[in-house]
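**Student:** My questions all concern the structure below.
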There are 2 protein chains.
Amino acid sequence: VKFEVTILGSGSAAPTLGRNPSGHLVNIRERFILVDCGEGTQVQLRRYKIKFQRINHIMISHLHGDHFFGLVGLLSTFHLLGREMALNIYAPKALQDIIELQLKVSATRLRYPLNFIYLESKSSELIFEDNLIEVRTIPLDHRVYCNGFLIREKVGQRRINKELLAKYKIPLAIIPQLKDGKDWEKESGEVLKNEVLTLNPHRARAYAYCSDTRYNESILDHINDVDLLYCETTFLKAHLDRAKATFHCTAEQAATLAKKANVGRLLTGHYSGRYSNIADFEAEAKTVFDNVVLGSEGVKVEIKL
Amino acid sequence: VKFEVTILGSGSAAPTLGRNPSGHLVNIRERFILVDCGEGTQVQLRRYKIKFQRINHIMISHLHGDHFFGLVGLLSTFHLLGREMALNIYAPKALQDIIELQLKVSATRLRYPLNFIYLESKSSELIFEDNLIEVRTIPLDHRVYCNGFLIREKVGQRRINKELLAKYKIPLAIIPQLKDGKDWEKESGEVLKNEVLTLNPHRARAYAYCSDTRYNESILDHINDVDLLYCETTFLKAHLDRAKATFHCTAEQAATLAKKANVGRLLTGHYSGRYSNIADFEAEAKTVFDNVVLGSEGVKVEIKL
C-alpha cells in the first residue's frame, strides 16, 4: 500500500551540476508513474535505483523543454533494454510528432507499443484508472497549454478485522461480499449489518502535481484536501514581478494555495537557477503554511495511510 | 596555440551514472568546436568548466540519439543565457526539422541566429575554414549516413627567430613579408633568401574524429599522419560479431586503422555498456598500436606543437 513520490529534478529551465529539470516518480500502490521528464531524467532514475521497466505511464505537463527534453532518450533506452510492455504517454499531441520524428531519423522501430493519450481539454478529465487508482488532469495557468495531475487512490474495500471474524464466527466464504459492503444473512435468517462486521476502508490518499503555473485560485477545487501538493516555487517573493511575467509562482503563493486548499503537506521545487540557497524557499513558504517539504534531488516523500 | 580535446562522453547508446553519450569539445587555437552532443552534454560542459558561449560550431556525426539528443537542450540553454552570437550547426538536414519543431512547440524564439550547414555528401568536403584552421568531413561506414571530422590547422607562416634577426640586422618593418615567405632585397641590391632568414612554420596539427563506423580502410586516406585519431571502440574483439552486425569497431580494429594510417596517438571511446572495465580497451588496442589514450569523461588530450 505504498504511496511515495521521488524527486528526480527540482530545477527549472537549464540543468546544472546539482539540479535536474522537472521529473517526479510516483509509486502509488506499485503503479509507477513518471510525471515530466527533463533532460537527464533517465540518469536520475538510475541514480535512485528505480526499475525502468516498471514505469508504464509517463505524464507530461506541458511542452517547455525542461519538462520533456529527456523523454526521447528514455524511450530509446527502454527500447535498448528490451522492453516489450506497452507504455502510455499523456501529453499534448505535438509531443508525439517530436518523438516520432526523432525515432524515424534514427531508423529506430521501438520494440514496445507506445500509446499516446492526447491532452487537449481545458477542463479536468479522467485520463487513467484501474481498480485501485485514478489520475485526473488539473488545468493550470501557464504561458503554454499546461496540466497538473491529481493522482489518487480509489476508495478501497471495507476491511476485515480478525477480532470481529472470531467474535461473529464469520465463515471465510462470505468475506468477499463483506468487503464489498454487503450484509450477512445467516442460514437462520438473521441479518448482521455490514457496518457491524467490518471496518471502514482506509481514506483514499491523493497527490497533486502542479507545475508550471502562475498563482490562480481556480486550481483550489481540484487540490482541496490532498495529502501532498507539489506546487512549483520558481521564485521567491522578492522576484514577484518575474513570477508574474513568466507565469510562475513564488514560494509564498504556493503556500497560500496549500493553505486555502487545506492540503496535508506542500512540496516545493522548480527553483530558478538564480538562487543558490534553496532553504530560503522553505522559510518563505513556512511564513504562510507550516507543513512544507523542501524538494530536492533524491528526496522521497511518503504518503502514509 | 592550444589544440586540445576534452572528452565529455565516452559511452554509447544509453547514458549511465558514470558514462555520458558522445561529445568531444575541441579547442583548436581558441576556436571551440563541439563534436556530437548526446543527452547530458550541457551538464558535462559545466562539469569541466567550459565556457558555453565560446562554442560557435557544433558538428553532429549522425542522427542516432546518443549523438544528438542533448543538442536541443544545449541550444535552449544558450538562449536562456542570453547568447546573441550566431551558432553554426553541421548536420544532416533532418536535424534542423527536429530542432525547429521542438522550439516551435515550446514557443521559443532563439535570441541568436542558428545557421544549419547540411551534410549530405558521400565524399569528403571542406565545411569550415578561417585564417588558421579548417574542418573537413570524413565519410564513415555506419548503419545511417554518418561523417567523421578532420579538424586541422592550416600550415602557418614562416617563423622569425631572434638570433637571425640580430645576425642579419633585419629591420622590423620587413618582418611581415618574411613571414609570408618573401626574400629580402636590401637597399644595396643584395638579396637574402627567405629560407636563410626564417625558420620553417610549425607543422600543421590535425585531429580526426571517427564515430560511428565499422572497420573500413577507405578512411585511411583521410586520417593519414594525423596527430590524434579518435576512432570509436564500441566492442572488444570477443564481440567482433556484434561489432560487424551493428557497424561498429573493436579496439583491435581501431588500433589497426591507427597503425595503417601512421597516426600519432589513438583515442578510444564509445564503449558499449556491457563492459565494466574499460582498461581492457586500452590493453587490446596496445597489442596492435602503442600510443593509445584511453578516453573517458573529463580526459583532456593536448596536441603539442
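Simple scheme: letters A, B, ... for chains in C-alpha cells order, numbers from 1 for residues in each chain, numbers from 1 for ligands in the order shown.
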Using only C-alpha atoms, find each residue of chain B with at least one atom at most 10 Å away from an atom of chain A; report its shortest atom-to-atom pair and that distance in Å (one decimal), sort the rows by chain and rising residue number, and return the result as CSV.

**Tutor:**
residue,atom,partner,partner_atom,distance
B:Ala13,CA,A:Thr77,CA,7.6
B:Ala14,CA,A:Thr77,CA,5.7
B:Pro15,CA,A:Val43,CA,6.6
B:Thr16,CA,A:Val43,CA,5.7
B:Leu17,CA,A:Val43,CA,6.0
B:Gly18,CA,A:Val43,CA,9.4
B:Arg19,CA,A:Val43,CA,9.8
B:Asn20,CA,A:Val43,CA,9.5
B:Gly38,CA,A:Gly73,CA,9.2
B:Glu39,CA,A:Gly40,CA,6.8
B:Gly40,CA,A:Gly40,CA,5.9
B:Thr41,CA,A:Gly40,CA,9.7
B:Gln42,CA,A:Pro15,CA,7.8
B:Val43,CA,A:Thr16,CA,5.7
B:Gln44,CA,A:Leu17,CA,8.1
B:Leu45,CA,A:Leu17,CA,9.7
B:Arg46,CA,A:Leu17,CA,6.9
B:Arg47,CA,A:Leu17,CA,6.6
B:His62,CA,A:Ser106,CA,8.4
B:Leu63,CA,A:Ser106,CA,5.3
B:His64,CA,A:Ser106,CA,4.8
B:Gly65,CA,A:Ser106,CA,6.8
B:Asp66,CA,A:Gly73,CA,8.0
B:Phe68,CA,A:Gln102,CA,9.9
B:Phe69,CA,A:Gly73,CA,6.7
B:Gly70,CA,A:Glu39,CA,7.6
B:Leu71,CA,A:Phe69,CA,9.7
B:Val72,CA,A:Phe69,CA,7.6
B:Gly73,CA,A:Phe69,CA,6.7
B:Leu74,CA,A:Ala14,CA,8.4
B:Ser76,CA,A:Gly65,CA,7.8
B:Thr77,CA,A:Ala14,CA,5.7
B:Phe78,CA,A:Ala14,CA,9.4
B:Leu80,CA,A:Ala13,CA,7.7
B:Leu81,CA,A:Ala14,CA,9.2
B:Pro92,CA,A:Val105,CA,9.7
B:Ala94,CA,A:Val105,CA,7.0
B:Leu95,CA,A:Val105,CA,8.4
B:Asp97,CA,A:Leu101,CA,8.5
B:Ile98,CA,A:Gln102,CA,6.8
B:Ile99,CA,A:Ile98,CA,9.2
B:Leu101,CA,A:Ile98,CA,6.9
B:Gln102,CA,A:Ile98,CA,6.8
B:Leu103,CA,A:Gly65,CA,8.4
B:Lys104,CA,A:Leu63,CA,9.7
B:Val105,CA,A:Leu63,CA,6.3
B:Ser106,CA,A:His64,CA,4.8
B:Ala107,CA,A:Val144,CA,7.8
B:Thr108,CA,A:His64,CA,8.6
B:Arg143,CA,A:Ala107,CA,9.0
B:Val144,CA,A:Ser106,CA,7.5
B:Tyr145,CA,A:Ser106,CA,9.8

**Student:** Based on the selection just made, write C-alpha atoms of those residues as an mmCIF file, in the first residue's frame.

**Tutor:**
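Written file, again-v2.cif:
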data_model
loop_
_atom_site.group_PDB
_atom_site.id
_atom_site.type_symbol
_atom_site.label_atom_id
_atom_site.label_comp_id
_atom_site.auth_asym_id
_atom_site.auth_seq_id
_atom_site.Cartn_x
_atom_site.Cartn_y
_atom_site.Cartn_z
ATOM 1 C CA ALA B 13 23.658 4.083 -26.593
ATOM 2 C CA ALA B 14 22.214 4.955 -23.174
ATOM 3 C CA PRO B 15 23.715 7.368 -20.639
ATOM 4 C CA THR B 16 24.563 5.857 -17.263
ATOM 5 C CA LEU B 17 25.727 7.311 -13.969
ATOM 6 C CA GLY B 18 29.396 7.424 -14.860
ATOM 7 C CA ARG B 19 29.344 7.469 -18.605
ATOM 8 C CA ASN B 20 27.800 10.001 -20.947
ATOM 9 C CA GLY B 38 24.427 13.237 -26.549
ATOM 10 C CA GLU B 39 21.955 13.725 -23.719
ATOM 11 C CA GLY B 40 23.606 15.450 -20.764
ATOM 12 C CA THR B 41 26.360 17.117 -22.800
ATOM 13 C CA GLN B 42 25.482 20.548 -21.436
ATOM 14 C CA VAL B 43 25.955 19.361 -17.873
ATOM 15 C CA GLN B 44 29.306 17.891 -18.872
ATOM 16 C CA LEU B 45 30.332 21.272 -20.286
ATOM 17 C CA ARG B 46 29.516 22.774 -16.900
ATOM 18 C CA ARG B 47 31.344 19.995 -15.068
ATOM 19 C CA HIS B 62 24.892 11.232 -37.485
ATOM 20 C CA LEU B 63 21.350 11.063 -36.242
ATOM 21 C CA HIS B 64 21.465 8.254 -33.728
ATOM 22 C CA GLY B 65 20.157 9.572 -30.443
ATOM 23 C CA ASP B 66 23.334 9.106 -28.437
ATOM 24 C CA PHE B 68 22.336 14.416 -30.747
ATOM 25 C CA PHE B 69 19.670 14.063 -28.032
ATOM 26 C CA GLY B 70 21.449 16.697 -25.940
ATOM 27 C CA LEU B 71 21.503 19.320 -28.672
ATOM 28 C CA VAL B 72 18.062 20.871 -28.274
ATOM 29 C CA GLY B 73 18.647 21.360 -24.557
ATOM 30 C CA LEU B 74 22.017 22.987 -25.146
ATOM 31 C CA SER B 76 17.789 26.221 -25.326
ATOM 32 C CA THR B 77 20.324 26.935 -22.589
ATOM 33 C CA PHE B 78 22.371 29.165 -24.909
ATOM 34 C CA LEU B 80 18.404 31.309 -21.649
ATOM 35 C CA LEU B 81 21.949 32.511 -21.013
ATOM 36 C CA PRO B 92 22.105 16.127 -41.795
ATOM 37 C CA ALA B 94 16.632 16.330 -40.671
ATOM 38 C CA LEU B 95 18.223 17.654 -37.504
ATOM 39 C CA ASP B 97 13.454 19.822 -38.568
ATOM 40 C CA ILE B 98 13.854 18.161 -35.169
ATOM 41 C CA ILE B 99 15.219 21.289 -33.525
ATOM 42 C CA LEU B 101 9.772 21.552 -34.235
ATOM 43 C CA GLN B 102 10.772 21.484 -30.586
ATOM 44 C CA LEU B 103 11.453 25.201 -30.463
ATOM 45 C CA LYS B 104 8.098 25.820 -32.126
ATOM 46 C CA VAL B 105 6.005 23.779 -29.695
ATOM 47 C CA SER B 106 7.694 25.439 -26.739
ATOM 48 C CA ALA B 107 7.063 28.845 -28.317
ATOM 49 C CA THR B 108 10.782 29.607 -28.136
ATOM 50 C CA ARG B 143 24.006 1.978 -40.421
ATOM 51 C CA VAL B 144 22.829 5.501 -41.189
ATOM 52 C CA TYR B 145 24.517 8.361 -43.055
#

**Student:** Using DSSP on the backbone coordinates, identify all residues within region 28-176 of chain B classified as strand (DSSP E); present the result as number ranges by chain.

**Tutor:** B: 28, 31-35, 55-59, 87-91, 114-118, 126-129, 133-139, 147-153, 159-160

**Student:** What does the distance between CA of Ile117 (chain A) and CA of His222 (chain A) come to in Å, to one decimal place?

**Tutor:**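 Interatomic distance here is 20.9 Å.
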
**Student:** How many Å lie between CA of Val155 (chain B) and CA of Arg31 (chain B), rounded to one decimal?

**Tutor:**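 Answer for the CA of Val155 (chain B) to CA of Arg31 (chain B) separation: 16.3 Å.
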
**Student:** Quick one: DSSP helix (DSSP H, G or I) residues in region 47-275 of chain B, as JSON, numbers by chain?

**Tutor:** {"B": [47, 52, 53, 54, 65, 66, 67, 71, 72, 73, 74, 75, 76, 77, 78, 79, 80, 94, 95, 96, 97, 98, 99, 100, 101, 102, 103, 104, 105, 162, 163, 164, 165, 166, 167, 172, 173, 174, 175, 176, 177, 178, 179, 194, 195, 196, 197, 217, 218, 219, 220, 221, 222, 223, 237, 238, 239, 240, 241, 242, 243, 244, 245, 246, 251, 252, 253, 254, 255, 256, 257, 258, 259, 260]}

**Student:** Given the choices B:Val288, B:Ala245, B:Leu25, B:Cys210, which gets closest to Thr268 (chain B) if the distance is worked out from only C-alpha atoms?

**Tutor:** B:Cys210

**Student:** Skipping near chain neighbours, those fewer than 5 positions away, what residues fall within 10 Å of Tyr215 (chain A) using only C-alpha atoms, listed as a PyMOL selection string?

**Tutor:** chain A and resi 140-142+231-232+243-244+247-250+252-254+256-257

**Student:** Can you list, as a PyMOL selection string, every protein, DNA or RNA residue that comes within 12 Å of Lys162 (chain B) when you count only C-alpha atoms, leaving out same-chain residues fewer than 4 positions away?

**Tutor:** chain B and resi 166-172+175+197-199

**Student:** Let's have the selection written as an mmCIF file, in the first residue's frame, with N, CA, C and O atoms.

**Tutor:**
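Output file selection_3.cif is given in full below:
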data_model
loop_
_atom_site.group_PDB
_atom_site.id
_atom_site.type_symbol
_atom_site.label_atom_id
_atom_site.label_comp_id
_atom_site.auth_asym_id
_atom_site.auth_seq_id
_atom_site.Cartn_x
_atom_site.Cartn_y
_atom_site.Cartn_z
ATOM 1 N N ALA B 166 68.994 39.442 -35.242
ATOM 2 C CA ALA B 166 70.181 40.183 -34.815
ATOM 3 C C ALA B 166 71.325 39.990 -35.813
ATOM 4 O O ALA B 166 71.983 40.954 -36.251
ATOM 5 N N LYS B 167 71.514 38.736 -36.165
ATOM 6 C CA LYS B 167 72.647 38.395 -37.024
ATOM 7 C C LYS B 167 72.617 39.180 -38.345
ATOM 8 O O LYS B 167 73.616 39.717 -38.806
ATOM 9 N N TYR B 168 71.384 39.243 -38.912
ATOM 10 C CA TYR B 168 71.289 39.905 -40.223
ATOM 11 C C TYR B 168 70.811 41.351 -40.115
ATOM 12 O O TYR B 168 70.564 42.009 -41.114
ATOM 13 N N LYS B 169 70.637 41.834 -38.869
ATOM 14 C CA LYS B 169 70.160 43.210 -38.662
ATOM 15 C C LYS B 169 68.897 43.480 -39.506
ATOM 16 O O LYS B 169 68.820 44.454 -40.270
ATOM 17 N N ILE B 170 67.918 42.616 -39.325
ATOM 18 C CA ILE B 170 66.687 42.725 -40.120
ATOM 19 C C ILE B 170 65.813 43.853 -39.551
ATOM 20 O O ILE B 170 65.500 43.855 -38.360
ATOM 21 N N PRO B 171 65.395 44.816 -40.376
ATOM 22 C CA PRO B 171 64.520 45.885 -39.883
ATOM 23 C C PRO B 171 63.132 45.300 -39.546
ATOM 24 O O PRO B 171 62.633 44.415 -40.263
ATOM 25 N N LEU B 172 62.511 45.808 -38.470
ATOM 26 C CA LEU B 172 61.206 45.280 -38.062
ATOM 27 C C LEU B 172 60.163 45.414 -39.171
ATOM 28 O O LEU B 172 59.268 44.585 -39.321
ATOM 29 N N ILE B 175 59.486 42.391 -41.414
ATOM 30 C CA ILE B 175 59.120 41.082 -40.832
ATOM 31 C C ILE B 175 57.857 40.481 -41.456
ATOM 32 O O ILE B 175 57.829 39.291 -41.792
ATOM 33 N N LEU B 197 66.719 33.444 -43.708
ATOM 34 C CA LEU B 197 66.331 34.406 -42.673
ATOM 35 C C LEU B 197 65.283 33.887 -41.690
ATOM 36 O O LEU B 197 65.130 34.446 -40.603
ATOM 37 N N THR B 198 64.541 32.878 -42.094
ATOM 38 C CA THR B 198 63.417 32.427 -41.244
ATOM 39 C C THR B 198 63.473 30.922 -41.017
ATOM 40 O O THR B 198 64.215 30.190 -41.683
ATOM 41 N N LEU B 199 62.657 30.520 -40.063
ATOM 42 C CA LEU B 199 62.522 29.091 -39.750
ATOM 43 C C LEU B 199 61.248 28.554 -40.418
ATOM 44 O O LEU B 199 60.297 29.312 -40.660
#

**Student:** Between A:Tyr48, A:Tyr207, A:Phe149, A:Tyr112, which one has atoms that come closest to Phe3 (chain A), using only C-alpha atoms?

**Tutor:**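 Using only C-alpha atoms, the shortest distance to Phe3 (chain A) belongs to A:Tyr207.
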
**Student:** Rounded to one decimal, what separation in Å do you get between CA of Ser61 (chain B) and CA of Pro21 (chain A)?

**Tutor:**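 According to the coordinates, CA of Ser61 (chain B) and CA of Pro21 (chain A) are separated by 26.9 Å.
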